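Q: Pasting a structure here, questions to come.
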Amino acid sequence: MMEGLDDGPDFLSEEDRGLKAINVDLQSDAALQVDISDALSERDKVKFTVHTKSSLPNFKQNEFSVVRQHEEFIWLHDSFVENEDYAGYIIPPAPPRPDFDASREKLQKLGEGEGSMTKEEFTKMKQELEAEYLAIFKKTVAMHEVFLCRVAAHPILRRDLNFHVFLEYNQDLSVRGKNKKEKLEDFFKNMVKSADGVIVSGVKDVDDFFEHERTFLLEYHNRVKDASAKSDRMTRSHKSAADDYNRIGSSLYALGTQDSTDICKFFLKVSELFDKTRKIEARVSADEDLKLSDLLKYYLRESQAAKDLLYRRSRSLVDYENANKALDKARAKNKDVLQAETSQQLCCQKFEKISESAKQELIDFKTRRVAAFRKNLVELAELELKHAKRGWAQWLMPLIPALEVRSSRPQANMGNLQLLQNCLAVLNGDT
Amino acid sequence: MAAEREPPPLGDGKPTDFEDLEDGEDLFTSTVSTLESSPSSPEPASLPAEDISANSNGPKPTEVVLDDDREDLFAEATEEVSLDSPEREPILSSEPSPAVTPVTPTTLIAPRIESKSMSAPVIFDRSREEVQENIEEEANGDIFDIEIGVSDPEKVGDGMNAYMAYRVTTKTSLSMFSKSEFSVKRRFSDFLGLHSKLASKYLHVGYIVPPAPEKSIVGMTKVKVGKEDSSSTEFVEKRRAALERYLQRTVKHPTLLQDPDLRQFLESSELPRAVNTQALSGAGILRMVNKAADAVNKMTIKMNESDAWFEEKQQQFENLDQQLRKLHVSVEALVCHRKELSANTAAFAKSAAMLGNSEDHTALSRALSQLAEVEEKIDQLHQEQAFADFYMFSELLSDYIRLIAAVKGVFDHRMKCWQKWEDAQITLLKKREAEAKMMVANKPDKIQQAKNEIREWEAKVQQGERDFEQISKTIRKEVGRFEKERVKDFKTVIIKYLESLVQTQQQLIKYWEAFLPEAKAIA
């Protein structure tokens with residue numbers, strides 16, 4: 001199938017190469033640099049080549065690569081989540097599973113329907129689908145990379161042993177995906193967790209900072225979820241509209257080639273225009289997808305991770321308070337006091353440790369979020385402008401006079417002239 | 001360019017304005033819009049948004065002298081004359097207009113004729129001064145100039161007997177109308193009645209009568225019932241636009257314009273209700289039966305096509321029909337998706353606003369609210385674009401699909417005509433045989449009868465032949481006219497549509513440019 005990160009049809013903007021820092025502003029330092037240098041898509045799995053450059057003593061070499069699959073990323077993520085020591089940190093959200101099903105189905109359908117459409121249409125649609133496939137591919141690589149980078153940038157998580165094994169062990173980690181039973185267990189665990197979360201969240205927090213954060217995160221998370229879904233729908237409609245241009249272009253082309261009057265050249269030109277339009281619109285929708293939808297999706301997951309952190313903290317607070325109560329009871333009854341004391345002390349320590357790191361994590365979260373939004377919104381606006389100005393102005397504007405000339409239709413009306421003049425000025429200013 | 005022509009007496013300054021502009025742009029191939037050059041022209045002459053241009057034949061198509069000349073003359077012009085948008089001026093491309101005219105006496109009238117009218121040749125002073133009579137004609141003000149608008153839909157009556165009345169406004173300088181500007185109220189069935197009258201008179205002799213908009217039971221019922229929602233307003237608007245285009249196409253046809261029924265439709269304040277247009281009426285059922293019979297006949301008639309031109313044209317129209325249908329489907333899909341996009345953008349805008357509200361970093365919150373505003377404006381843009389998509393592009397295509405059906409109908413009529421002629425010939429042959437038999441059997445009275453019949457049938461054969469020739473000739477002319485119209489129509493509409501796309505992009509640029517500094521301001 002498609003191999004590596006070659007430049008396929010020019011579907012995505014050039015910025016995509018730097019997808020690494022797309023959603024997070026990370027400072028990569030020399031001590032540990034991780035990236036995904038290559039990726040291969042096979043039948044139903046994707047193989048990522050994880051490349052590490054490190055000056056840390058823990059590793060045998062300074063630079064090495066291993067091949068990993070999606071399940072191994074998930075295993076790594078889960079190991080963080082289950083590790084009690086990391087309860088006080090926001091665990092970087094796991095990358096979503098690579099999902100090429102939809103794209104593959106479309107390619108298959110296209111292959112089946114090959115006989116029913118003209119050669120040009122077929123090639124066009126094939127190119128389009130291939131570009132789509134490539135885009136999804138690039139995105140999934142980026143998501144996995146971001147996960148690793150976040151872990152590498154985190155002062156505590158980067159020292160995790162599992163992480164090092166993940167990076168270095170050049171044989172298969174033998175991590176199998178969860179089987180049905182485990183998935184069911186997970187499901188129940190989640191249910192219990194959410195129920196617990198509801199109970200625990202009822203406890204009012206003493207600390208204002210955390211109380212505020214909790215309310216904020218709850219609301220924010222829900223709104224991000226909504227915005228992410230709507231943004232997704234919007235970009236998808238945009239894409240369908242762009243696809244329509246494709247079909248219109250083909251029909252116009254057919255009209256042009258079959259027509260005998262002098263309008264045929266006109267049709268051919270217009271069909272060309274629609275083709276170009278479609279490419280632009282497709283890029284616009286792809287950029288919107290990348291800068292807006294993906295951003296929102298990522299922060300949906302991040303805010304969930306932050307919520308999880310708060311939950312863990314509240315849980316430990318509740319445990320702490322329960323331990324206090326138990327201690328009081330034990331003291332009152334004068335039974336198992338030592339045990340109760342130890343347990344209370346443990347809970348206290350745990351709670352304080354979590355609170356401390358959680359505060360820092362949440363502040364970092366905000367900084368990261370603001371920076372990421374800024375970067376993406378600015379880039380979104382710039383890309384939209386670029387497409388509107390260059391693409392349209394360059395192709396559409398000169399075309400109209402050309403068409404006009406052919407149909408000999410002077411535009412004497414001032415309004416139109418100004419329109420044309422403006423566009424020409426924009427063009428000149430842009431180049 | 002303007003240089004080639006003598007500027008019309010009016011508005012001398014104007015043409016030069018355009019020279020300046022033209023120098024700058026090189027966009028304009030030739031002429032100038034007489035539009036501008038006729039600022040003082042009386043109202044009717046100006047370009048209202050909905051007008052129609054006059055085409056082809058002038059007031060007296062039957063005038064033998066000019067007949068062919070005029071056709072050619074105007075035929076050339078028609079290509080140049082623009083249709084719908086007020087911005088379009090009549091243009092005369094570098095194609096020399098053959099016998100045209102114009103000169104002084106006319107130039108006085110010229111501006112009046114202006115715009116879309118095909119008096120374009122008149123206006124454009126090519127120095128050929130043939131056709132003086134032509135000029136005389138024009139000078140009399142009998143220039144083909146008529147604009148029609150359909151507006152102000154009003155609901156009349158209540159319940160199931162309610163109907164929508166539309167105001168039909170005519171502005172014209174043609175002498176055959178009693179006034180130069182007048183309006184009447186008509187309802188949808190009146191339009192259908194007009195069409196059926198015109199069709200019954202002209203279709204079978206080969207004229208392509210523009211088809212009327214289709215009935216829609218669902219749409220009308222909603223309106224009758226009084227649902228004031230957007231879909232019924234959309235329906236009414238769609239119908240209004242369709243009726244306008246229908247009338248504009250009809251009056252553009254020089255022969256149909258002369259028809260008294262059309263005149264009555266446009267002028268008289270009271271019109272007898274066209275009951276025959278109702279689907280369930282006696283006439284309606286008769287129509288359906290006829291249609292079925294026709295379909296069967298079509299399959300059985302095998303015509304010996306002596307003229308390859310007809311066969312070729314029929315094939316062409318078949319292809320064109322298919323292509324247009326396919327294109328129409330795609331454009332409708334586009335309209336649908338764009339409406340969807342608009343709805344989704346609006347939803348996203350709201351959602352982004354909410355997100356901005358809950359964001360506690362002030363600058364980011366502000367930026368998100370701005371984003372929400374931008375998206376809302378973009379949603380408006382999408383809606384307008386969808387509107388344009390539909391009314392310009394999609395409706396044009398569906399109009400032409402129906403027109404082509406009318407063209408095919410005309411070809412079918414020709415076949416029927418041929419069939420009649422053929423039948424007459426066969427009957428004549430039989431009668432001759434019968435006569436011969438009578439001769440042999442020597443029955444004097446029967447022979448006389450046979451001779452009478454033979455004479456009768458000879459006449460019929462001749463008539464049939466004449467009819468057939470006539471219809472063939474008319475069809476050739478009509479098809480030629482149709483093709484030119486089609487070319488013009490498509491070019492105009494598509495260009496207008498492209499311009500709407502351009503404008504959308506311009507707006508998008510403005511919005512995003514306004515947003516960018518806000519995004520950059522996030523600290």
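Labels used: A, B, ... for chains in the order of the structure tokens, numbers from 1 for residues in each chain, and numbers from 1 for ligands as shown.
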Neighbours of segment 82-99 of chain A within 7 Å (only C-alpha atoms; same-chain residues fewer than 6 positions away dropped), as an mmCIF file with C-alpha atoms, in the first residue's frame?
A:
```
data_model
loop_
_atom_site.group_PDB
_atom_site.id
_atom_site.type_symbol
_atom_site.label_atom_id
_atom_site.label_comp_id
_atom_site.auth_asym_id
_atom_site.auth_seq_id
_atom_site.Cartn_x
_atom_site.Cartn_y
_atom_site.Cartn_z
ATOM 1 C CA HIS A 70 -0.494 1.074 18.019
ATOM 2 C CA ILE A 74 -1.736 1.947 24.347
ATOM 3 C CA THR A 140 -2.301 9.271 12.770
ATOM 4 C CA MET A 143 -0.932 11.869 16.919
ATOM 5 C CA HIS A 144 1.346 9.068 17.955
ATOM 6 C CA PHE A 147 2.038 11.409 22.589
ATOM 7 C CA ARG A 150 4.682 14.818 25.578
ATOM 8 C CA VAL A 151 5.982 11.918 27.588
ATOM 9 C CA ARG A 301 -8.722 14.356 25.333
ATOM 10 C CA GLU A 302 -6.378 16.549 27.327
ATOM 11 C CA ALA A 305 -6.939 13.684 31.284
ATOM 12 C CA ALA A 306 -6.936 16.808 33.468
ATOM 13 C CA LEU A 309 -6.189 14.055 37.552
ATOM 14 C CA ARG A 312 -7.623 11.124 41.454
ATOM 15 C CA LYS A 353 1.994 14.931 46.835
ATOM 16 C CA ILE A 354 -0.832 14.821 44.366
ATOM 17 C CA SER A 355 -2.055 18.287 45.260
ATOM 18 C CA SER A 357 2.058 18.284 41.415
ATOM 19 C CA ALA A 358 -1.533 18.677 40.278
ATOM 20 C CA GLU A 361 0.266 20.378 36.052
#
```
Q: Using only C-alpha atoms, determine which residues lie at most 8 Å from Ser472 of chain B, disregarding the query and same-chain residues fewer than 3 positions distant; provide the list as an mmCIF file with C-alpha atoms, in the first residue's frame.
A:
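So out_6.cif came out as:
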```
data_model
loop_
_atom_site.group_PDB
_atom_site.id
_atom_site.type_symbol
_atom_site.label_atom_id
_atom_site.label_comp_id
_atom_site.auth_asym_id
_atom_site.auth_seq_id
_atom_site.Cartn_x
_atom_site.Cartn_y
_atom_site.Cartn_z
ATOM 1 C CA GLY B 206 -42.551 23.733 -35.678
ATOM 2 C CA ARG B 414 -42.405 17.061 -37.874
ATOM 3 C CA PHE B 468 -43.834 19.294 -44.255
ATOM 4 C CA GLU B 469 -41.536 21.684 -46.021
ATOM 5 C CA ILE B 475 -37.652 24.010 -37.344
ATOM 6 C CA ARG B 476 -34.333 24.821 -38.908
#
```
Q: Report the distance between atom CA of Lys377 of chain B and atom CA of Arg239 of chain B in Å, rounded to one decimal place.
A: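 Computing the Euclidean distance for atom CA of Lys377 of chain B and atom CA of Arg239 of chain B yields 28.4 Å.
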Q: Looking at B:Tyr246, B:Phe317, B:Phe411, B:Trp309, which one is nearest to chain A, with distances taken over only C-alpha atoms?
A: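 So, comparing all the options, the nearest one is B:Phe317.
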Q: Out of segment 27-243 of chain A, which residues get strand (DSSP E or B) from DSSP, as a ChimeraX atom specification?
A: /A:32-41,46-54,63-69
Q: Those residues with N, CA and C atoms, as a PDB file, in the first residue's frame please?
A:
```pdb
ATOM      1  N   LEU A  32      16.665  14.213  25.657  1.00  0.00           N
ATOM      2  CA  LEU A  32      15.848  13.135  25.113  1.00  0.00           C
ATOM      3  C   LEU A  32      14.966  13.681  24.000  1.00  0.00           C
ATOM      4  N   GLN A  33      15.225  13.203  22.812  1.00  0.00           N
ATOM      5  CA  GLN A  33      14.412  13.628  21.670  1.00  0.00           C
ATOM      6  C   GLN A  33      13.823  12.417  21.001  1.00  0.00           C
ATOM      7  N   VAL A  34      12.514  12.445  20.884  1.00  0.00           N
ATOM      8  CA  VAL A  34      11.833  11.298  20.279  1.00  0.00           C
ATOM      9  C   VAL A  34      11.026  11.768  19.075  1.00  0.00           C
ATOM     10  N   ASP A  35      11.051  10.978  18.029  1.00  0.00           N
ATOM     11  CA  ASP A  35      10.154  11.290  16.913  1.00  0.00           C
ATOM     12  C   ASP A  35       9.847  10.017  16.138  1.00  0.00           C
ATOM     13  N   ILE A  36       8.893  10.122  15.293  1.00  0.00           N
ATOM     14  CA  ILE A  36       8.548   8.965  14.460  1.00  0.00           C
ATOM     15  C   ILE A  36       9.106   9.245  13.067  1.00  0.00           C
ATOM     16  N   SER A  37      10.135   8.546  12.755  1.00  0.00           N
ATOM     17  CA  SER A  37      10.842   8.866  11.512  1.00  0.00           C
ATOM     18  C   SER A  37      10.209   8.218  10.299  1.00  0.00           C
ATOM     19  N   ASP A  38       9.456   7.163  10.500  1.00  0.00           N
ATOM     20  CA  ASP A  38       8.908   6.469   9.350  1.00  0.00           C
ATOM     21  C   ASP A  38       7.667   5.708   9.773  1.00  0.00           C
ATOM     22  N   ALA A  39       6.852   5.408   8.831  1.00  0.00           N
ATOM     23  CA  ALA A  39       5.654   4.634   9.146  1.00  0.00           C
ATOM     24  C   ALA A  39       5.247   3.819   7.935  1.00  0.00           C
ATOM     25  N   LEU A  40       4.788   2.642   8.225  1.00  0.00           N
ATOM     26  CA  LEU A  40       4.414   1.748   7.137  1.00  0.00           C
ATOM     27  C   LEU A  40       3.003   1.270   7.379  1.00  0.00           C
ATOM     28  N   SER A  41       2.206   1.301   6.333  1.00  0.00           N
ATOM     29  CA  SER A  41       0.840   0.853   6.514  1.00  0.00           C
ATOM     30  C   SER A  41       0.650  -0.484   5.846  1.00  0.00           C
ATOM     31  N   VAL A  46      -0.566  -0.425  11.328  1.00  0.00           N
ATOM     32  CA  VAL A  46       0.440   0.559  10.952  1.00  0.00           C
ATOM     33  C   VAL A  46       1.668   0.334  11.816  1.00  0.00           C
ATOM     34  N   LYS A  47       2.828   0.337  11.168  1.00  0.00           N
ATOM     35  CA  LYS A  47       4.053   0.136  11.927  1.00  0.00           C
ATOM     36  C   LYS A  47       4.809   1.455  11.978  1.00  0.00           C
ATOM     37  N   PHE A  48       5.020   1.928  13.186  1.00  0.00           N
ATOM     38  CA  PHE A  48       5.727   3.191  13.357  1.00  0.00           C
ATOM     39  C   PHE A  48       7.182   2.934  13.713  1.00  0.00           C
ATOM     40  N   THR A  49       8.049   3.688  13.085  1.00  0.00           N
ATOM     41  CA  THR A  49       9.467   3.584  13.463  1.00  0.00           C
ATOM     42  C   THR A  49       9.770   4.704  14.428  1.00  0.00           C
ATOM     43  N   VAL A  50       9.982   4.332  15.698  1.00  0.00           N
ATOM     44  CA  VAL A  50      10.242   5.328  16.727  1.00  0.00           C
ATOM     45  C   VAL A  50      11.742   5.544  16.827  1.00  0.00           C
ATOM     46  N   HIS A  51      12.106   6.786  16.638  1.00  0.00           N
ATOM     47  CA  HIS A  51      13.536   7.114  16.602  1.00  0.00           C
ATOM     48  C   HIS A  51      13.883   7.975  17.802  1.00  0.00           C
ATOM     49  N   THR A  52      14.921   7.555  18.540  1.00  0.00           N
ATOM     50  CA  THR A  52      15.288   8.284  19.751  1.00  0.00           C
ATOM     51  C   THR A  52      16.719   8.787  19.672  1.00  0.00           C
ATOM     52  N   LYS A  53      16.877  10.027  20.140  1.00  0.00           N
ATOM     53  CA  LYS A  53      18.233  10.578  20.261  1.00  0.00           C
ATOM     54  C   LYS A  53      18.383  10.980  21.715  1.00  0.00           C
ATOM     55  N   SER A  54      19.370  10.409  22.401  1.00  0.00           N
ATOM     56  CA  SER A  54      19.436  10.754  23.807  1.00  0.00           C
ATOM     57  C   SER A  54      20.850  10.765  24.329  1.00  0.00           C
ATOM     58  N   GLU A  63      21.729   6.907  19.857  1.00  0.00           N
ATOM     59  CA  GLU A  63      20.680   7.062  18.850  1.00  0.00           C
ATOM     60  C   GLU A  63      20.236   5.693  18.373  1.00  0.00           C
ATOM     61  N   PHE A  64      18.957   5.468  18.376  1.00  0.00           N
ATOM     62  CA  PHE A  64      18.472   4.146  17.991  1.00  0.00           C
ATOM     63  C   PHE A  64      17.011   4.223  17.561  1.00  0.00           C
ATOM     64  N   SER A  65      16.588   3.179  16.880  1.00  0.00           N
ATOM     65  CA  SER A  65      15.202   3.118  16.403  1.00  0.00           C
ATOM     66  C   SER A  65      14.583   1.769  16.658  1.00  0.00           C
ATOM     67  N   VAL A  66      13.286   1.799  16.913  1.00  0.00           N
ATOM     68  CA  VAL A  66      12.559   0.544  17.037  1.00  0.00           C
ATOM     69  C   VAL A  66      11.244   0.673  16.266  1.00  0.00           C
ATOM     70  N   VAL A  67      10.684  -0.477  16.005  1.00  0.00           N
ATOM     71  CA  VAL A  67       9.396  -0.462  15.317  1.00  0.00           C
ATOM     72  C   VAL A  67       8.301  -0.784  16.315  1.00  0.00           C
ATOM     73  N   ARG A  68       7.272   0.057  16.354  1.00  0.00           N
ATOM     74  CA  ARG A  68       6.187  -0.167  17.305  1.00  0.00           C
ATOM     75  C   ARG A  68       4.835  -0.118  16.613  1.00  0.00           C
ATOM     76  N   GLN A  69       3.887  -0.809  17.237  1.00  0.00           N
ATOM     77  CA  GLN A  69       2.529  -0.738  16.700  1.00  0.00           C
ATOM     78  C   GLN A  69       1.625  -0.008  17.671  1.00  0.00           C
TER      79      GLN A  69
END
```
